[in-house]
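Peer 1: Quick one: this structure, given as structure tokens, is what I'll be asking you about.
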Amino acid sequence: MDFASAFLFASCSGSFYGDERRRRGKFIAAGQSKSEALNNSEFWKTSYTYLAALLMKNPEQAERTRKLYEEMKKHHKFLTSNEDMPYAALLGNREGSLEERATTMNMYYRDLREQRFIMGNDLQWLSQIMTFDSLAYDSEMVGRVLAIHQFFKAAKIKIRLTQYLILGFLAVTQVDGETLKEIAENTHELEKSKIFRWYKDMAFSTAVQQAMVDNIEVQDISAMTFSTSLETLMQAQQAAMMVSINAAIISSTNNSSG
């Protein structure tokens, strides 16, 4: 099951963040007209269509979402797929040239690839998120991502491919050293807890989410929008991770009993 499907399944069933069930249900219902607009803009009807719709303010944004998607595809023809739809929806309606934003994404992708980040979808999503505040290339943004990555490496926290997105999140919000230290400490504490025994990779994501709740100045509408949107994407990834881990555990158990 892909991460968008996992997110939608978890949202409806209440199996993930149980308190969110009714709220997510309302979001999904409200997203019907927006997902239909995406379908009319020649996007295939998939679980990613619904996730992208959640990140749109109104159906009219579907056209720019499609245009940014096409610009992204010019740089990464085979890498860009339905999984990029939510990012195109989130970023397509930021102000400025869609062509320039896609070009900047590609520049970030290449820069990080040269710094030994692993190429693929996760790196592409990171490079996309790095353009949230500005569509113009900023070498300092690359520097922040590298510095944050190195900080967690020194703190003995291994950043998985699926967590590349979080590095972009932290870089865009320009968290300070104290916040990074708090995230590292909370990650190690969560890893020791019984609830994360089978979900250790989620400890880091959970620690980041908690730190953002405590530290982001939500009075700024841009920061609020970004935080809410990234929380949706991060929760989707966590849901998919839980599904994958549970499947592996069940498979292992069945093999052992057989």
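Ordering of the structure tokens sets the chain letters (A, B, ...), residue numbers begin anew at 1 in every chain, and ligands are numbered from 1 in the order given.
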Counting only C-alpha atoms, what is within 8 Å of segment 49-52 of chain A, bar same-chain residues fewer than 3 positions away, as a PDB file with C-alpha atoms, in the first residue's frame?
Peer 2:
ATOM      1  CA  ALA A   4      -1.407   8.172   0.090  1.00  0.00           C
ATOM      2  CA  LEU A   8      -6.736   7.768   3.380  1.00  0.00           C
ATOM      3  CA  ILE A  28     -12.129  14.248   2.662  1.00  0.00           C
ATOM      4  CA  GLY A  31     -12.171  17.670  -0.966  1.00  0.00           C
ATOM      5  CA  GLN A  32     -14.563  15.991  -3.388  1.00  0.00           C
ATOM      6  CA  SER A  35     -10.439  16.220  -6.502  1.00  0.00           C
ATOM      7  CA  LEU A  38      -7.950  17.737 -10.547  1.00  0.00           C
ATOM      8  CA  ASN A  39      -9.507  14.911 -12.557  1.00  0.00           C
ATOM      9  CA  PHE A  43      -4.884  13.921 -13.439  1.00  0.00           C
ATOM     10  CA  TRP A  44      -5.711  10.252 -13.016  1.00  0.00           C
ATOM     11  CA  LYS A  45      -8.156   9.464 -10.234  1.00  0.00           C
ATOM     12  CA  THR A  46      -5.914   7.895  -7.578  1.00  0.00           C
ATOM     13  CA  LEU A  55      -3.789  20.666   0.183  1.00  0.00           C
ATOM     14  CA  MET A  56      -5.795  22.948  -2.122  1.00  0.00           C
ATOM     15  CA  ASN A  82       1.251  10.558  -9.243  1.00  0.00           C
ATOM     16  CA  MET A  85       0.664  15.513  -7.148  1.00  0.00           C
ATOM     17  CA  PRO A  86       0.332  16.607  -3.480  1.00  0.00           C
ATOM     18  CA  TYR A  87       3.550  18.630  -3.734  1.00  0.00           C
ATOM     19  CA  ALA A  88       2.406  20.228  -6.993  1.00  0.00           C
ATOM     20  CA  ALA A  89      -0.852  21.158  -5.261  1.00  0.00           C
ATOM     21  CA  LEU A  90       0.922  22.589  -2.224  1.00  0.00           C
TER      22      LEU A  90
END
Peer 1: Which of segment 69-129 of chain A end up as alpha helix (DSSP H) when DSSP is run on this backbone - answer as a count of residues only?
Peer 2: 41
Peer 1: Give me, as JSON lines, the closest atom pair and its distance (Å, one decimal) for every residue of segment 107-141 of chain A within a cut-off of 12 Å of segment 156-164 of chain A, counting only C-alpha atoms, rows sorted by chain and rising number.
Peer 2:
{"residue": "A:Tyr109", "atom": "CA", "partner": "A:Tyr164", "partner_atom": "CA", "distance": 11.7}
{"residue": "A:Leu112", "atom": "CA", "partner": "A:Tyr164", "partner_atom": "CA", "distance": 10.8}
{"residue": "A:Phe117", "atom": "CA", "partner": "A:Leu161", "partner_atom": "CA", "distance": 8.8}
{"residue": "A:Ile118", "atom": "CA", "partner": "A:Leu161", "partner_atom": "CA", "distance": 7.6}
{"residue": "A:Met119", "atom": "CA", "partner": "A:Leu161", "partner_atom": "CA", "distance": 9.5}
{"residue": "A:Gly120", "atom": "CA", "partner": "A:Leu161", "partner_atom": "CA", "distance": 9.0}
{"residue": "A:Asn121", "atom": "CA", "partner": "A:Leu161", "partner_atom": "CA", "distance": 8.9}
{"residue": "A:Asp122", "atom": "CA", "partner": "A:Leu161", "partner_atom": "CA", "distance": 5.9}
{"residue": "A:Leu123", "atom": "CA", "partner": "A:Tyr164", "partner_atom": "CA", "distance": 6.5}
{"residue": "A:Gln124", "atom": "CA", "partner": "A:Tyr164", "partner_atom": "CA", "distance": 9.3}
{"residue": "A:Trp125", "atom": "CA", "partner": "A:Tyr164", "partner_atom": "CA", "distance": 7.9}
{"residue": "A:Leu126", "atom": "CA", "partner": "A:Tyr164", "partner_atom": "CA", "distance": 5.8}
{"residue": "A:Ser127", "atom": "CA", "partner": "A:Tyr164", "partner_atom": "CA", "distance": 9.2}
{"residue": "A:Gln128", "atom": "CA", "partner": "A:Tyr164", "partner_atom": "CA", "distance": 11.1}
{"residue": "A:Ile129", "atom": "CA", "partner": "A:Tyr164", "partner_atom": "CA", "distance": 10.1}
{"residue": "A:Met130", "atom": "CA", "partner": "A:Tyr164", "partner_atom": "CA", "distance": 10.9}
Peer 1: Please determine, counting only C-alpha atoms, which residue among A:Leu54, A:Val213, A:Ala62, A:Lys74 has the shortest atom-to-atom distance to Glu42 of chain A.
Peer 2: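 With only C-alpha atoms as the atom set, the closest residue is A:Ala62.
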Peer 1: Give me the residues near segment 170-176 of chain A as a PyMOL selection string, where near means some atom within 7 Å (using only C-alpha atoms) and where sequence neighbours in that chain fewer than 2 positions away do not count.
Peer 2: chain A and resi 130+133+141+144-145+166-168+178-180
Peer 1: Would you save the residues from that selection as a PDB file, in the first residue's frame, using N, CA, C and O atoms?
Peer 2:
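Result written to selection34.pdb:
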ATOM      1  N   MET A 130      11.816  22.594  -0.483  1.00  0.00           N
ATOM      2  CA  MET A 130      12.795  23.661  -0.260  1.00  0.00           C
ATOM      3  C   MET A 130      12.418  24.958  -0.978  1.00  0.00           C
ATOM      4  O   MET A 130      12.944  26.021  -0.663  1.00  0.00           O
ATOM      5  N   ASP A 133       9.194  28.786   0.495  1.00  0.00           N
ATOM      6  CA  ASP A 133       9.271  30.209   0.821  1.00  0.00           C
ATOM      7  C   ASP A 133       9.666  31.080  -0.359  1.00  0.00           C
ATOM      8  O   ASP A 133       9.268  32.240  -0.439  1.00  0.00           O
ATOM      9  N   MET A 141      19.765  27.895   1.583  1.00  0.00           N
ATOM     10  CA  MET A 141      18.784  26.836   1.850  1.00  0.00           C
ATOM     11  C   MET A 141      19.462  25.471   1.786  1.00  0.00           C
ATOM     12  O   MET A 141      19.231  24.601   2.639  1.00  0.00           O
ATOM     13  N   ARG A 144      21.508  25.017   4.894  1.00  0.00           N
ATOM     14  CA  ARG A 144      20.721  24.680   6.090  1.00  0.00           C
ATOM     15  C   ARG A 144      20.361  23.196   6.100  1.00  0.00           C
ATOM     16  O   ARG A 144      20.428  22.536   7.139  1.00  0.00           O
ATOM     17  N   VAL A 145      19.962  22.671   4.949  1.00  0.00           N
ATOM     18  CA  VAL A 145      19.612  21.249   4.870  1.00  0.00           C
ATOM     19  C   VAL A 145      20.822  20.390   5.237  1.00  0.00           C
ATOM     20  O   VAL A 145      20.710  19.435   6.029  1.00  0.00           O
ATOM     21  N   ILE A 166      11.520  15.805   5.970  1.00  0.00           N
ATOM     22  CA  ILE A 166      11.570  16.508   7.248  1.00  0.00           C
ATOM     23  C   ILE A 166      12.742  17.478   7.298  1.00  0.00           C
ATOM     24  O   ILE A 166      12.650  18.559   7.890  1.00  0.00           O
ATOM     25  N   LEU A 167      13.842  17.109   6.661  1.00  0.00           N
ATOM     26  CA  LEU A 167      14.991  18.014   6.610  1.00  0.00           C
ATOM     27  C   LEU A 167      14.599  19.325   5.924  1.00  0.00           C
ATOM     28  O   LEU A 167      14.994  20.415   6.351  1.00  0.00           O
ATOM     29  N   GLY A 168      13.816  19.204   4.855  1.00  0.00           N
ATOM     30  CA  GLY A 168      13.343  20.397   4.155  1.00  0.00           C
ATOM     31  C   GLY A 168      12.406  21.209   5.024  1.00  0.00           C
ATOM     32  O   GLY A 168      12.457  22.448   5.042  1.00  0.00           O
ATOM     33  N   GLU A 178      18.605  25.024  19.535  1.00  0.00           N
ATOM     34  CA  GLU A 178      17.920  24.478  20.710  1.00  0.00           C
ATOM     35  C   GLU A 178      16.788  23.540  20.303  1.00  0.00           C
ATOM     36  O   GLU A 178      16.562  22.511  20.938  1.00  0.00           O
ATOM     37  N   THR A 179      16.089  23.919  19.241  1.00  0.00           N
ATOM     38  CA  THR A 179      14.994  23.069  18.763  1.00  0.00           C
ATOM     39  C   THR A 179      15.536  21.761  18.209  1.00  0.00           C
ATOM     40  O   THR A 179      14.973  20.687  18.455  1.00  0.00           O
ATOM     41  N   LEU A 180      16.636  21.831  17.462  1.00  0.00           N
ATOM     42  CA  LEU A 180      17.245  20.614  16.932  1.00  0.00           C
ATOM     43  C   LEU A 180      17.706  19.703  18.070  1.00  0.00           C
ATOM     44  O   LEU A 180      17.536  18.476  18.013  1.00  0.00           O
TER      45      LEU A 180
END
Peer 1: Excluding Ala136 of chain A and any residue of its chain fewer than 2 positions from it, enumerate the residues within 8 Å of it, using only C-alpha atoms, and give them as a list in words.
Peer 2: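 Final neighbour list, sorted by chain and number: Glu100, Arg101, Thr104, Thr131, Ser134 and Asp138 of chain A.
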